[in-house]
Structure formats: C-alpha cells, structure tokens
>>> print(open('start38.pdb').read())   # PDB, C-alpha atoms
ATOM      1  CA  MET B   1       0.000   0.000   0.000
ATOM      2  CA  ALA B   2       1.450   3.329  -1.103
ATOM      3  CA  VAL B   3       1.945   5.881   1.591
ATOM      4  CA  ARG B   4       1.180   9.497   0.674
ATOM      5  CA  LYS B   5       3.706  12.032   1.621
ATOM      6  CA  ARG B   6       2.511  15.220   3.151
ATOM      7  CA  PRO B   7       3.504  18.306   1.226
ATOM      8  CA  ALA B   8       6.062  20.442   2.915
ATOM      9  CA  PRO B   9       4.477  23.395   4.709
ATOM     10  CA  ARG B  10       4.762  26.669   2.840
ATOM     11  CA  THR B  11       6.708  29.341   4.543
ATOM     12  CA  ALA B  12       5.266  32.786   4.445
ATOM     13  CA  THR B  13       7.287  34.952   2.079
ATOM     14  CA  PRO B  14       7.808  38.510   3.142
ATOM     15  CA  PRO B  15       6.044  41.053   0.994
ATOM     16  CA  HIS B  16       8.134  42.537  -1.779
ATOM     17  CA  PRO B  17       9.331  46.035  -1.168
ATOM     18  CA  PRO B  18       7.467  48.638  -3.165
ATOM     19  CA  ARG B  19       8.866  49.101  -6.618
ATOM     20  CA  GLY B  20       8.857  51.992  -8.977
ATOM     21  CA  PRO B  21       9.868  55.605  -8.472
ATOM     22  CA  ARG B  22       7.771  56.092  -5.340
ATOM     23  CA  GLY B  23       9.143  52.965  -3.650
ATOM     24  CA  ARG B  24      12.707  53.967  -4.429
ATOM     25  CA  ALA B  25      12.071  57.437  -3.041
ATOM     26  CA  ARG B  26      10.760  55.960   0.237
ATOM     27  CA  ARG B  27      13.757  53.678   0.654
ATOM     28  CA  ALA B  28      16.228  56.415  -0.217
ATOM     29  CA  GLY B  29      15.036  58.691   2.568
ATOM     30  CA  PRO B  30      16.695  62.099   2.821
ATOM     31  CA  THR B  31      19.831  61.071   0.880
ATOM     32  CA  PRO B  32      18.773  62.606  -2.476
ATOM     33  CA  TRP B  33      17.960  65.895  -0.782
ATOM     34  CA  LEU B  34      21.431  65.987   0.749
ATOM     35  CA  TYR B  35      22.941  65.726  -2.723
ATOM     36  CA  LEU B  36      20.591  68.414  -4.025
ATOM     37  CA  ALA B  37      21.111  70.760  -1.067
ATOM     38  CA  PRO B  38      24.075  72.755  -2.528
ATOM     39  CA  ALA B  39      22.254  73.338  -5.815
ATOM     40  CA  LEU B  40      19.045  74.268  -4.008
ATOM     41  CA  VAL B  41      20.901  76.805  -1.866
ATOM     42  CA  VAL B  42      22.446  78.429  -4.957
ATOM     43  CA  LEU B  43      19.132  78.463  -6.809
ATOM     44  CA  GLY B  44      17.410  79.881  -3.760
ATOM     45  CA  GLY B  45      19.851  82.774  -3.641
ATOM     46  CA  LEU B  46      19.762  83.424  -7.374
ATOM     47  CA  LEU B  47      16.041  82.935  -7.979
ATOM     48  CA  ALA B  48      13.982  82.963  -4.798
ATOM     49  CA  TYR B  49      15.181  86.314  -3.464
ATOM     50  CA  PRO B  50      14.787  88.237  -6.775
ATOM     51  CA  VAL B  51      11.307  86.760  -7.229
ATOM     52  CA  TYR B  52      10.453  87.803  -3.674
ATOM     53  CA  GLN B  53      11.650  91.348  -4.347
ATOM     54  CA  LEU B  54       9.725  91.441  -7.639
ATOM     55  CA  GLY B  55       6.511  90.439  -5.898
ATOM     56  CA  LEU B  56       7.138  92.886  -3.065
ATOM     57  CA  ILE B  57       7.669  95.867  -5.389
ATOM     58  CA  SER B  58       4.494  94.975  -7.305
ATOM     59  CA  LEU B  59       2.461  95.550  -4.133
ATOM     60  CA  PHE B  60       3.649  99.157  -3.623
ATOM     61  CA  HIS B  61       3.404 102.446  -5.446
ATOM     62  CA  TYR B  62       7.024 102.669  -6.536
ATOM     63  CA  THR B  63       8.095 105.257  -9.109
ATOM     64  CA  GLN B  64      11.081 107.544  -9.663
ATOM     65  CA  ALA B  65       9.811 109.808  -6.910
ATOM     66  CA  GLN B  66      10.093 106.980  -4.382
ATOM     67  CA  VAL B  67      13.497 105.921  -5.722
ATOM     68  CA  SER B  68      14.904 109.422  -5.293
ATOM     69  CA  GLY B  69      13.328 109.780  -1.843
ATOM     70  CA  GLY B  70      11.070 112.661  -2.814
ATOM     71  CA  GLU B  71       7.893 110.817  -1.839
ATOM     72  CA  PRO B  72       7.220 107.996   0.639
ATOM     73  CA  THR B  73       6.458 104.503  -0.596
ATOM     74  CA  THR B  74       2.787 103.608  -0.210
ATOM     75  CA  PHE B  75       1.262 100.153  -0.056
ATOM     76  CA  ARG B  76      -1.262  99.463  -2.821
ATOM     77  CA  GLY B  77      -1.908  95.760  -2.373
ATOM     78  CA  LEU B  78      -3.368  94.400  -5.582
ATOM     79  CA  GLY B  79      -3.970  97.883  -6.985
ATOM     80  CA  ASN B  80      -1.193  97.574  -9.570
ATOM     81  CA  TYR B  81      -2.657  94.291 -10.822
ATOM     82  CA  THR B  82      -6.148  95.795 -10.965
ATOM     83  CA  GLY B  83      -4.908  98.701 -13.054
ATOM     84  CA  LEU B  84      -2.900  96.348 -15.255
ATOM     85  CA  PHE B  85      -5.842  94.043 -15.968
ATOM     86  CA  ALA B  86      -8.046  97.051 -16.741
ATOM     87  CA  ASP B  87      -5.564  98.225 -19.401
ATOM     88  CA  GLU B  88      -6.689  97.136 -22.872
ATOM     89  CA  GLN B  89      -3.159  97.388 -24.227
ATOM     90  CA  PHE B  90      -1.967  94.777 -21.734
ATOM     91  CA  TRP B  91      -4.406  92.182 -23.100
ATOM     92  CA  GLN B  92      -3.426  93.002 -26.683
ATOM     93  CA  VAL B  93       0.249  92.606 -25.842
ATOM     94  CA  LEU B  94      -0.452  89.368 -23.948
ATOM     95  CA  LEU B  95      -2.284  87.878 -26.939
ATOM     96  CA  THR B  96       0.497  88.958 -29.286
ATOM     97  CA  THR B  97       3.104  87.422 -26.972
ATOM     98  CA  VAL B  98       1.275  84.091 -26.775
ATOM     99  CA  LEU B  99       0.843  83.843 -30.552
ATOM    100  CA  PHE B 100       4.413  84.915 -31.287
ATOM    101  CA  ALA B 101       5.860  82.507 -28.696
ATOM    102  CA  ALA B 102       3.756  79.631 -30.073
ATOM    103  CA  ALA B 103       4.994  80.303 -33.611
ATOM    104  CA  CYS B 104       8.606  80.441 -32.375
ATOM    105  CA  VAL B 105       8.272  77.190 -30.387
ATOM    106  CA  VAL B 106       6.680  75.248 -33.255
ATOM    107  CA  SER B 107       9.211  76.553 -35.783
ATOM    108  CA  THR B 108      12.181  75.871 -33.500
ATOM    109  CA  LEU B 109      11.063  72.314 -32.747
ATOM    110  CA  ALA B 110      10.363  71.594 -36.432
ATOM    111  CA  VAL B 111      13.745  72.878 -37.606
ATOM    112  CA  GLY B 112      15.675  71.324 -34.722
ATOM    113  CA  CYS B 113      14.063  67.877 -35.058
ATOM    114  CA  ALA B 114      14.428  67.860 -38.856
ATOM    115  CA  LEU B 115      18.131  68.690 -38.646
ATOM    116  CA  ALA B 116      18.625  66.126 -35.866
ATOM    117  CA  VAL B 117      17.245  63.431 -38.168
ATOM    118  CA  LEU B 118      19.423  64.786 -40.990
ATOM    119  CA  LEU B 119      22.515  64.428 -38.803
ATOM    120  CA  THR B 120      21.848  60.702 -38.557
ATOM    121  CA  ARG B 121      21.704  60.411 -42.363
ATOM    122  CA  VAL B 122      24.847  62.262 -43.456
ATOM    123  CA  ARG B 123      28.499  61.287 -43.271
ATOM    124  CA  ALA B 124      30.957  62.388 -40.602
ATOM    125  CA  VAL B 125      32.383  65.484 -42.350
ATOM    126  CA  PRO B 126      29.025  67.123 -43.261
ATOM    127  CA  ARG B 127      27.722  66.201 -39.801
ATOM    128  CA  LEU B 128      30.671  67.903 -38.126
ATOM    129  CA  ALA B 129      30.300  71.004 -40.323
ATOM    130  CA  LEU B 130      26.570  71.272 -39.582
ATOM    131  CA  MET B 131      27.085  70.869 -35.831
ATOM    132  CA  LEU B 132      29.870  73.474 -35.755
ATOM    133  CA  ALA B 133      27.717  75.942 -37.710
ATOM    134  CA  ALA B 134      24.746  75.327 -35.409
ATOM    135  CA  LEU B 135      26.810  75.682 -32.248
ATOM    136  CA  GLY B 136      28.270  78.899 -33.641
ATOM    137  CA  ALA B 137      24.742  80.286 -34.044
ATOM    138  CA  TRP B 138      23.865  79.129 -30.527
ATOM    139  CA  ALA B 139      26.957  80.752 -29.009
ATOM    140  CA  THR B 140      26.348  84.112 -30.725
ATOM    141  CA  PRO B 141      25.044  86.746 -28.270
ATOM    142  CA  ALA B 142      21.485  87.843 -28.923
ATOM    143  CA  VAL B 143      22.481  91.476 -29.506
ATOM    144  CA  THR B 144      25.123  90.506 -32.051
ATOM    145  CA  GLY B 145      22.841  88.068 -33.844
ATOM    146  CA  SER B 146      20.016  90.620 -34.011
ATOM    147  CA  THR B 147      22.347  93.263 -35.435
ATOM    148  CA  VAL B 148      23.660  90.866 -38.082
ATOM    149  CA  TRP B 149      20.135  89.945 -39.151
ATOM    150  CA  LEU B 150      19.219  93.622 -39.412
ATOM    151  CA  LEU B 151      22.208  94.183 -41.716
ATOM    152  CA  LEU B 152      21.243  91.174 -43.853
ATOM    153  CA  PHE B 153      17.687  92.483 -44.283
ATOM    154  CA  ASP B 154      18.599  96.177 -44.450
ATOM    155  CA  ALA B 155      16.481  98.132 -46.925
ATOM    156  CA  ASP B 156      19.460  99.930 -48.501
ATOM    157  CA  PHE B 157      22.502  97.663 -48.152
ATOM    158  CA  GLY B 158      21.101  94.245 -47.222
ATOM    159  CA  PRO B 159      21.895  91.342 -49.580
ATOM    160  CA  VAL B 160      18.509  89.649 -48.991
ATOM    161  CA  ASN B 161      16.521  92.388 -50.748
ATOM    162  CA  ARG B 162      18.936  92.315 -53.681
ATOM    163  CA  ILE B 163      18.719  88.545 -54.040
ATOM    164  CA  LEU B 164      14.919  88.541 -53.791
ATOM    165  CA  GLY B 165      14.565  91.672 -55.966
ATOM    166  CA  LEU B 166      12.601  93.587 -53.331
ATOM    167  CA  GLY B 167      14.339  96.931 -53.853
ATOM    168  CA  ASP B 168      14.202  99.131 -50.755
ATOM    169  CA  HIS B 169      11.566  97.078 -48.928
ATOM    170  CA  SER B 170      11.714  97.683 -45.154
ATOM    171  CA  TRP B 171      11.170  94.484 -43.190
ATOM    172  CA  THR B 172      10.818  96.286 -39.868
ATOM    173  CA  TYR B 173       8.179  98.788 -41.023
ATOM    174  CA  GLY B 174       5.225  96.399 -41.238
ATOM    175  CA  LYS B 175       3.927  94.629 -38.153
ATOM    176  CA  TYR B 176       3.904  91.097 -39.538
ATOM    177  CA  SER B 177       7.091  91.379 -41.571
ATOM    178  CA  ALA B 178       8.901  92.638 -38.467
ATOM    179  CA  PHE B 179       7.585  89.734 -36.411
ATOM    180  CA  LEU B 180       8.626  87.344 -39.208
ATOM    181  CA  LEU B 181      12.134  88.778 -39.194
ATOM    182  CA  VAL B 182      12.397  88.439 -35.411
ATOM    183  CA  LEU B 183      10.971  84.897 -35.577
ATOM    184  CA  LEU B 184      13.664  83.861 -38.065
ATOM    185  CA  GLU B 185      16.378  85.225 -35.793
ATOM    186  CA  VAL B 186      14.899  83.530 -32.715
ATOM    187  CA  VAL B 187      14.709  80.191 -34.530
ATOM    188  CA  TRP B 188      18.266  80.655 -35.835
ATOM    189  CA  CYS B 189      19.708  81.082 -32.354
ATOM    190  CA  SER B 190      17.424  78.494 -30.655
ATOM    191  CA  PHE B 191      17.296  75.460 -32.946
ATOM    192  CA  PRO B 192      20.847  74.201 -32.090
ATOM    193  CA  PHE B 193      19.733  73.283 -28.554
ATOM    194  CA  VAL B 194      16.834  71.239 -29.914
ATOM    195  CA  MET B 195      18.959  69.704 -32.659
ATOM    196  CA  VAL B 196      21.798  68.548 -30.401
ATOM    197  CA  THR B 197      19.449  67.253 -27.670
ATOM    198  CA  VAL B 198      17.194  65.323 -30.051
ATOM    199  CA  TYR B 199      20.201  63.987 -31.984
ATOM    200  CA  ALA B 200      21.657  62.602 -28.749
ATOM    201  CA  GLY B 201      18.305  60.943 -28.024
ATOM    202  CA  ILE B 202      18.130  59.400 -31.501
ATOM    203  CA  ARG B 203      21.640  57.969 -31.134
ATOM    204  CA  ALA B 204      20.483  56.253 -27.937
ATOM    205  CA  VAL B 205      17.635  54.436 -29.736
ATOM    206  CA  PRO B 206      18.593  50.790 -30.439
ATOM    207  CA  ALA B 207      19.573  50.274 -34.069
ATOM    208  CA  GLU B 208      17.487  47.093 -34.212
ATOM    209  CA  VAL B 209      14.303  49.111 -33.759
ATOM    210  CA  LEU B 210      15.075  51.384 -36.695
ATOM    211  CA  GLU B 211      16.156  48.440 -38.845
ATOM    212  CA  ALA B 212      12.892  46.642 -38.112
ATOM    213  CA  ALA B 213      10.910  49.728 -39.135
ATOM    214  CA  ALA B 214      12.934  50.009 -42.346
ATOM    215  CA  LEU B 215      12.345  46.328 -43.163
ATOM    216  CA  ASP B 216       8.595  46.870 -42.692
ATOM    217  CA  GLY B 217       8.776  49.531 -45.420
ATOM    218  CA  ALA B 218       8.096  52.528 -43.176
ATOM    219  CA  SER B 219       8.913  55.935 -44.646
ATOM    220  CA  GLN B 220      11.134  58.436 -42.862
ATOM    221  CA  TRP B 221       8.098  60.402 -41.674
ATOM    222  CA  ARG B 222       6.398  57.223 -40.436
ATOM    223  CA  VAL B 223       9.574  56.154 -38.613
ATOM    224  CA  TRP B 224       9.700  59.533 -36.868
ATOM    225  CA  ARG B 225       5.985  59.631 -36.025
ATOM    226  CA  SER B 226       5.518  56.022 -34.927
ATOM    227  CA  VAL B 227       8.953  55.024 -33.601
ATOM    228  CA  LEU B 228      11.261  57.900 -32.744
ATOM    229  CA  ALA B 229       8.790  60.485 -31.421
ATOM    230  CA  PRO B 230       7.191  58.133 -28.821
ATOM    231  CA  MET B 231      10.601  56.943 -27.641
ATOM    232  CA  LEU B 232      11.953  60.497 -27.486
ATOM    233  CA  ARG B 233       8.910  61.944 -25.717
ATOM    234  CA  PRO B 234      10.705  62.741 -22.415
ATOM    235  CA  ILE B 235      13.420  64.585 -24.339
ATOM    236  CA  LEU B 236      10.840  66.416 -26.442
ATOM    237  CA  VAL B 237       9.078  67.479 -23.235
ATOM    238  CA  VAL B 238      12.290  69.066 -21.948
ATOM    239  CA  VAL B 239      13.080  70.951 -25.145
ATOM    240  CA  THR B 240       9.461  72.073 -25.518
ATOM    241  CA  ILE B 241       9.285  73.503 -22.006
ATOM    242  CA  GLN B 242      12.667  75.206 -22.458
ATOM    243  CA  SER B 243      11.538  76.691 -25.774
ATOM    244  CA  VAL B 244       8.282  77.940 -24.262
ATOM    245  CA  ILE B 245      10.157  79.680 -21.445
ATOM    246  CA  TRP B 246      12.775  81.212 -23.742
ATOM    247  CA  ASP B 247      10.371  82.343 -26.475
ATOM    248  CA  PHE B 248       7.692  83.668 -24.130
ATOM    249  CA  LYS B 249      10.168  86.060 -22.527
ATOM    250  CA  VAL B 250      11.956  87.217 -25.672
ATOM    251  CA  PHE B 251      13.321  90.710 -25.158
ATOM    252  CA  THR B 252      16.623  91.406 -26.878
ATOM    253  CA  GLN B 253      15.589  90.430 -30.401
ATOM    254  CA  ILE B 254      12.369  92.462 -30.295
ATOM    255  CA  TYR B 255      14.014  95.466 -28.675
ATOM    256  CA  VAL B 256      17.006  95.597 -31.023
ATOM    257  CA  MET B 257      15.355  94.655 -34.304
ATOM    258  CA  THR B 258      12.165  96.721 -33.954
ATOM    259  CA  GLY B 259      13.659  99.694 -32.148
ATOM    260  CA  GLY B 260      11.982  99.069 -28.798
ATOM    261  CA  GLY B 261       8.648  97.618 -29.932
ATOM    262  CA  GLY B 262       8.067  98.847 -33.463
ATOM    263  CA  ILE B 263       6.117 101.805 -34.801
ATOM    264  CA  ALA B 264       3.462 102.893 -32.264
ATOM    265  CA  GLY B 265       4.187  99.756 -30.244
ATOM    266  CA  GLN B 266       2.892  97.380 -32.935
ATOM    267  CA  ASN B 267       5.561  94.774 -32.120
ATOM    268  CA  LEU B 268       5.372  94.856 -28.339
ATOM    269  CA  VAL B 269       5.677  91.649 -26.320
ATOM    270  CA  LEU B 270       5.272  91.368 -22.554
ATOM    271  CA  ASN B 271       8.961  91.648 -21.708
ATOM    272  CA  VAL B 272       9.421  94.814 -23.782
ATOM    273  CA  TYR B 273       6.113  96.145 -22.449
ATOM    274  CA  ALA B 274       7.323  95.624 -18.873
ATOM    275  CA  TYR B 275      10.602  97.376 -19.713
ATOM    276  CA  GLN B 276       8.758 100.375 -21.124
ATOM    277  CA  LYS B 277       6.504 100.638 -18.080
ATOM    278  CA  ALA B 278       9.324 100.196 -15.573
ATOM    279  CA  PHE B 279      12.147 102.231 -17.077
ATOM    280  CA  ALA B 280      10.757 104.418 -19.879
ATOM    281  CA  SER B 281       7.768 105.511 -17.761
ATOM    282  CA  SER B 282       9.458 105.020 -14.340
ATOM    283  CA  GLN B 283       6.514 102.935 -13.127
ATOM    284  CA  TYR B 284       8.642 100.289 -11.469
ATOM    285  CA  SER B 285       5.811  98.698  -9.527
ATOM    286  CA  LEU B 286       3.718  98.258 -12.685
ATOM    287  CA  GLY B 287       6.671  96.699 -14.483
ATOM    288  CA  ALA B 288       7.162  94.342 -11.539
ATOM    289  CA  ALA B 289       3.483  93.359 -11.690
ATOM    290  CA  ILE B 290       3.890  92.453 -15.377
ATOM    291  CA  GLY B 291       6.916  90.342 -14.445
ATOM    292  CA  VAL B 292       4.924  88.474 -11.790
ATOM    293  CA  VAL B 293       2.125  87.798 -14.275
ATOM    294  CA  MET B 294       4.652  86.408 -16.769
ATOM    295  CA  LEU B 295       6.149  84.174 -14.090
ATOM    296  CA  LEU B 296       2.741  82.792 -13.108
ATOM    297  CA  ILE B 297       1.800  82.139 -16.735
ATOM    298  CA  LEU B 298       5.005  80.200 -17.374
ATOM    299  CA  LEU B 299       4.580  78.175 -14.180
ATOM    300  CA  ALA B 300       0.978  77.365 -15.076
ATOM    301  CA  VAL B 301       1.873  76.267 -18.617
ATOM    302  CA  THR B 302       4.723  74.077 -17.367
ATOM    303  CA  LEU B 303       2.676  72.442 -14.599
ATOM    304  CA  VAL B 304      -0.307  71.758 -16.862
ATOM    305  CA  TYR B 305       1.963  70.235 -19.513
ATOM    306  CA  LEU B 306       3.692  67.977 -16.997
ATOM    307  CA  ARG B 307       0.376  66.964 -15.446
ATOM    308  CA  LEU B 308      -1.029  65.930 -18.824
ATOM    309  CA  LEU B 309       2.047  63.827 -19.504
ATOM    310  CA  ARG B 310       1.845  62.112 -16.120
ATOM    311  CA  ARG B 311      -1.770  61.224 -16.809
ATOM    312  CA  GLN B 312      -0.563  59.501 -19.969
ATOM    313  CA  GLY B 313       1.875  57.448 -17.876
ATOM    314  CA  GLU B 314       5.099  59.175 -18.915
ATOM    315  CA  GLU B 315       8.067  59.188 -16.522
ATOM    316  CA  LEU B 316      10.114  62.385 -16.598
TER
END
>>> encode(input="start38.pdb", output="structure tokens")
Amino acid sequence: MAVRKRPAPRTATPPHPPRGPRGRARRAGPTPWLYLAPALVVLGGLLAYPVYQLGLISLFHYTQAQVSGGEPTTFRGLGNYTGLFADEQFWQVLLTTVLFAAACVVSTLAVGCALAVLLTRVRAVPRLALMLAALGAWATPAVTGSTVWLLLFDADFGPVNRILGLGDHSWTYGKYSAFLLVLLEVVWCSFPFVMVTVYAGIRAVPAEVLEAAALDGASQWRVWRSVLAPMLRPILVVVTIQSVIWDFKVFTQIYVMTGGGGIAGQNLVLNVYAYQKAFASSQYSLGAAIGVVMLLILLAVTLVYLRLLRRQGEEL
C-alpha cells in the first residue's frame, strides 16, 4: 500500500518592497535631498530672493519719486494688478506674446528635429560642419545676432533684398514682416539646442528598432511619427518647455530689431512692455506686476503640460 507524503508546509514569504519611483524614493530617505542641497541653496539665492523682491515691489506704489526719496512709498496691495488688468493694451500685448511665442516654439522644434534626423543620415564630415555651424549660431550673443540679421535684411545695403529683388523694402516697417524677421532670428539662435538634444536621443535608440521599421517599409516620416517620437517623448518634453520659457520672454531680439517695440508699439511683447513701463515711464511697480504675471503664466503652462504627460503614464 502506497503511503502518501505530506507536502512540505509553505513558509510565508515577506512582501516585496514597493517598486517603482515612489518605492525607491521611500527607501532612499533624505539622501537625495542631501545631494541636491548645494544646488538648491544656490538656486534659492539666485532665484527665490529676486522673485520675492519682484513680488514685493508689485504691491507698492514705486516710481522715480520713491526711488529718489522725494515721496514715501505707499502700499497698494493688488492695486497695480487691478490697473494692469483694466488696461486694454496689456491684453493686446499678452495675446500677441502668446501667438508669437507659439509660432517660435513650433518653428524651432520643427527645424531642430528635422536637422537632428538629418545628422543621422549624413556622413561624418558634413555632420561635423553642420554641428559646428549650429553651435556657432547658438553661441552668438542675442544682440550681435540681431544686429547681423538687421544688416542682412537692411532696406538699402542688405543682400537679402537684392537677391529677392525687393528693392528698398523695409522688413521692420510692417507689423507682420517685423515679427517674421524676429521669428527667423529667434529660430536661428534656438534650434541648435533642440537639434543637439534630439540627436543625442536618436543615437540612444537601439539600431534594431530602426532596422525593423525600415524592413517593414516605413517611410522616414512614419519612422519619426511612430517610432522615434514616442521613444523620445521625455526629451521632447524638456526641449518644448525650455523653448516655451525662452520664447515667451523674448526681449533682446524684439528690442534691437524693432527699435523698442516697433512703430506705435505694434511689435510689443510682454517683456518689452514691462521694460517700457518700468524704465521708460518710471513705473517700477507696474513693471514688476507684469513680471509676476509672466512668471505665473510660465509656471501654469509648465505644470499643466507635466500633469497631462503624467496622466498619460510618462516618466520624466
């Protein structure tokens, strides 16, 4: 008669530690913050205090009379913001800034991503030449680059008008032609960051993935849309947010190329508008209020964008 053997008793296994980013953060404890502490202290001194001063000035009546000591500083609370929001010109400038920044961001990303893909298709020598030329444009100061573009498109001596046969056409006289000229200069000095960053991301994509897409007969556009763009989404998020911040607060290009905002202020953006209010009109508190509004808009755009990506399950 066969004797049945009892199965060995199961020992209770301890629960697995939590995995994922949140579990790692709980196990790490305060160690990451210790590593970040020096950088946070520097950023706090360079950013937190100026932002605090900006917000503080925006709550007072602060003009040249208060700077010189001729009149006492008076607390206005939200009075500067109330007057700013009641100004019709502010809303016109805000709309213009949003549209101009959106056009700059889209154009910069399109040019940067297209050239990043091109870098993966050319040989070493053309690739090196293109990267050196792009980095040269990136390293050029904004004032210098704006002046060079003005000379290129000058109505009397510029080579662009001669090549296109436009005679003495003034690019900075019309509202839209001036914005187009500034947009081209902004894209010229901004696309290298996008190009180099996206190119580095493409080089990190496994070659087997791209070879499989090529064997399936996918076109270059389909490879980018269905393979590269989803895999490069975290990198594209970074360059998009950086481009939004840079292009929303454009100042130098507009100020230099349009002479401080164009004819009758037709090319004003928020940064130039704040400069005019603060320094041309000596309304420092109103200029500070415009700066606070710009800061809040950029924070809101960034947080909403990151929140939408986290809902889609992206890790940044």
>>> residues_around(input="start38.pdb", residues="range 232-237 of chain B", least_positions_apart="3", cutoff="7 Å", atoms="only C-alpha atoms", output="PDB file with C-alpha atoms, in the frame of the given file")
ATOM      1  CA  VAL B 198      17.194  65.323 -30.051  1.00  0.00           C
ATOM      2  CA  GLY B 201      18.305  60.943 -28.024  1.00  0.00           C
ATOM      3  CA  LEU B 228      11.261  57.900 -32.744  1.00  0.00           C
ATOM      4  CA  ALA B 229       8.790  60.485 -31.421  1.00  0.00           C
ATOM      5  CA  THR B 240       9.461  72.073 -25.518  1.00  0.00           C
ATOM      6  CA  ILE B 241       9.285  73.503 -22.006  1.00  0.00           C
ATOM      7  CA  LEU B 316      10.114  62.385 -16.598  1.00  0.00           C
TER       8      LEU B 316
END
>>> closest_residue(input="start38.pdb", among="B:Gly291, B:Leu128, B:Cys104, B:Ala300", to="Tyr52 in chain B", atoms="all atoms listed in the file")
B:Gly291
>>> atom_distance(input="start38.pdb", atom1="CA of Ser282 in chain B", atom2="CA of Asn80 in chain B")
13.8 Å
>>> resolve_selection(input="start38.pdb", expression="the PyMOL selection byres ((chain B and resi 116) around 8)", output="PyMOL selection string")
chain B and resi 112-115+117-120+195-196+198-199
>>> closest_residue(input="start38.pdb", among="B:Pro141, B:Val182, B:His169, B:Gln242", to="Phe157 in chain B", atoms="all atoms listed in the file")
B:His169
>>> closest_residue(input="start38.pdb", among="B:Phe90, B:Phe85, B:Phe153, B:Phe191", to="Asn271 in chain B", atoms="all atoms listed in the file")
B:Phe90
>>> resolve_selection(input="start38.pdb", expression="the PyMOL selection byres ((chain B and resi 138) around 9)", output="list in words")
Ala133, Ala134, Leu135, Gly136, Ala137, Ala139, Thr140, Pro141, Trp188, Cys189, Ser190, Phe191, Pro192 and Phe193 of chain B
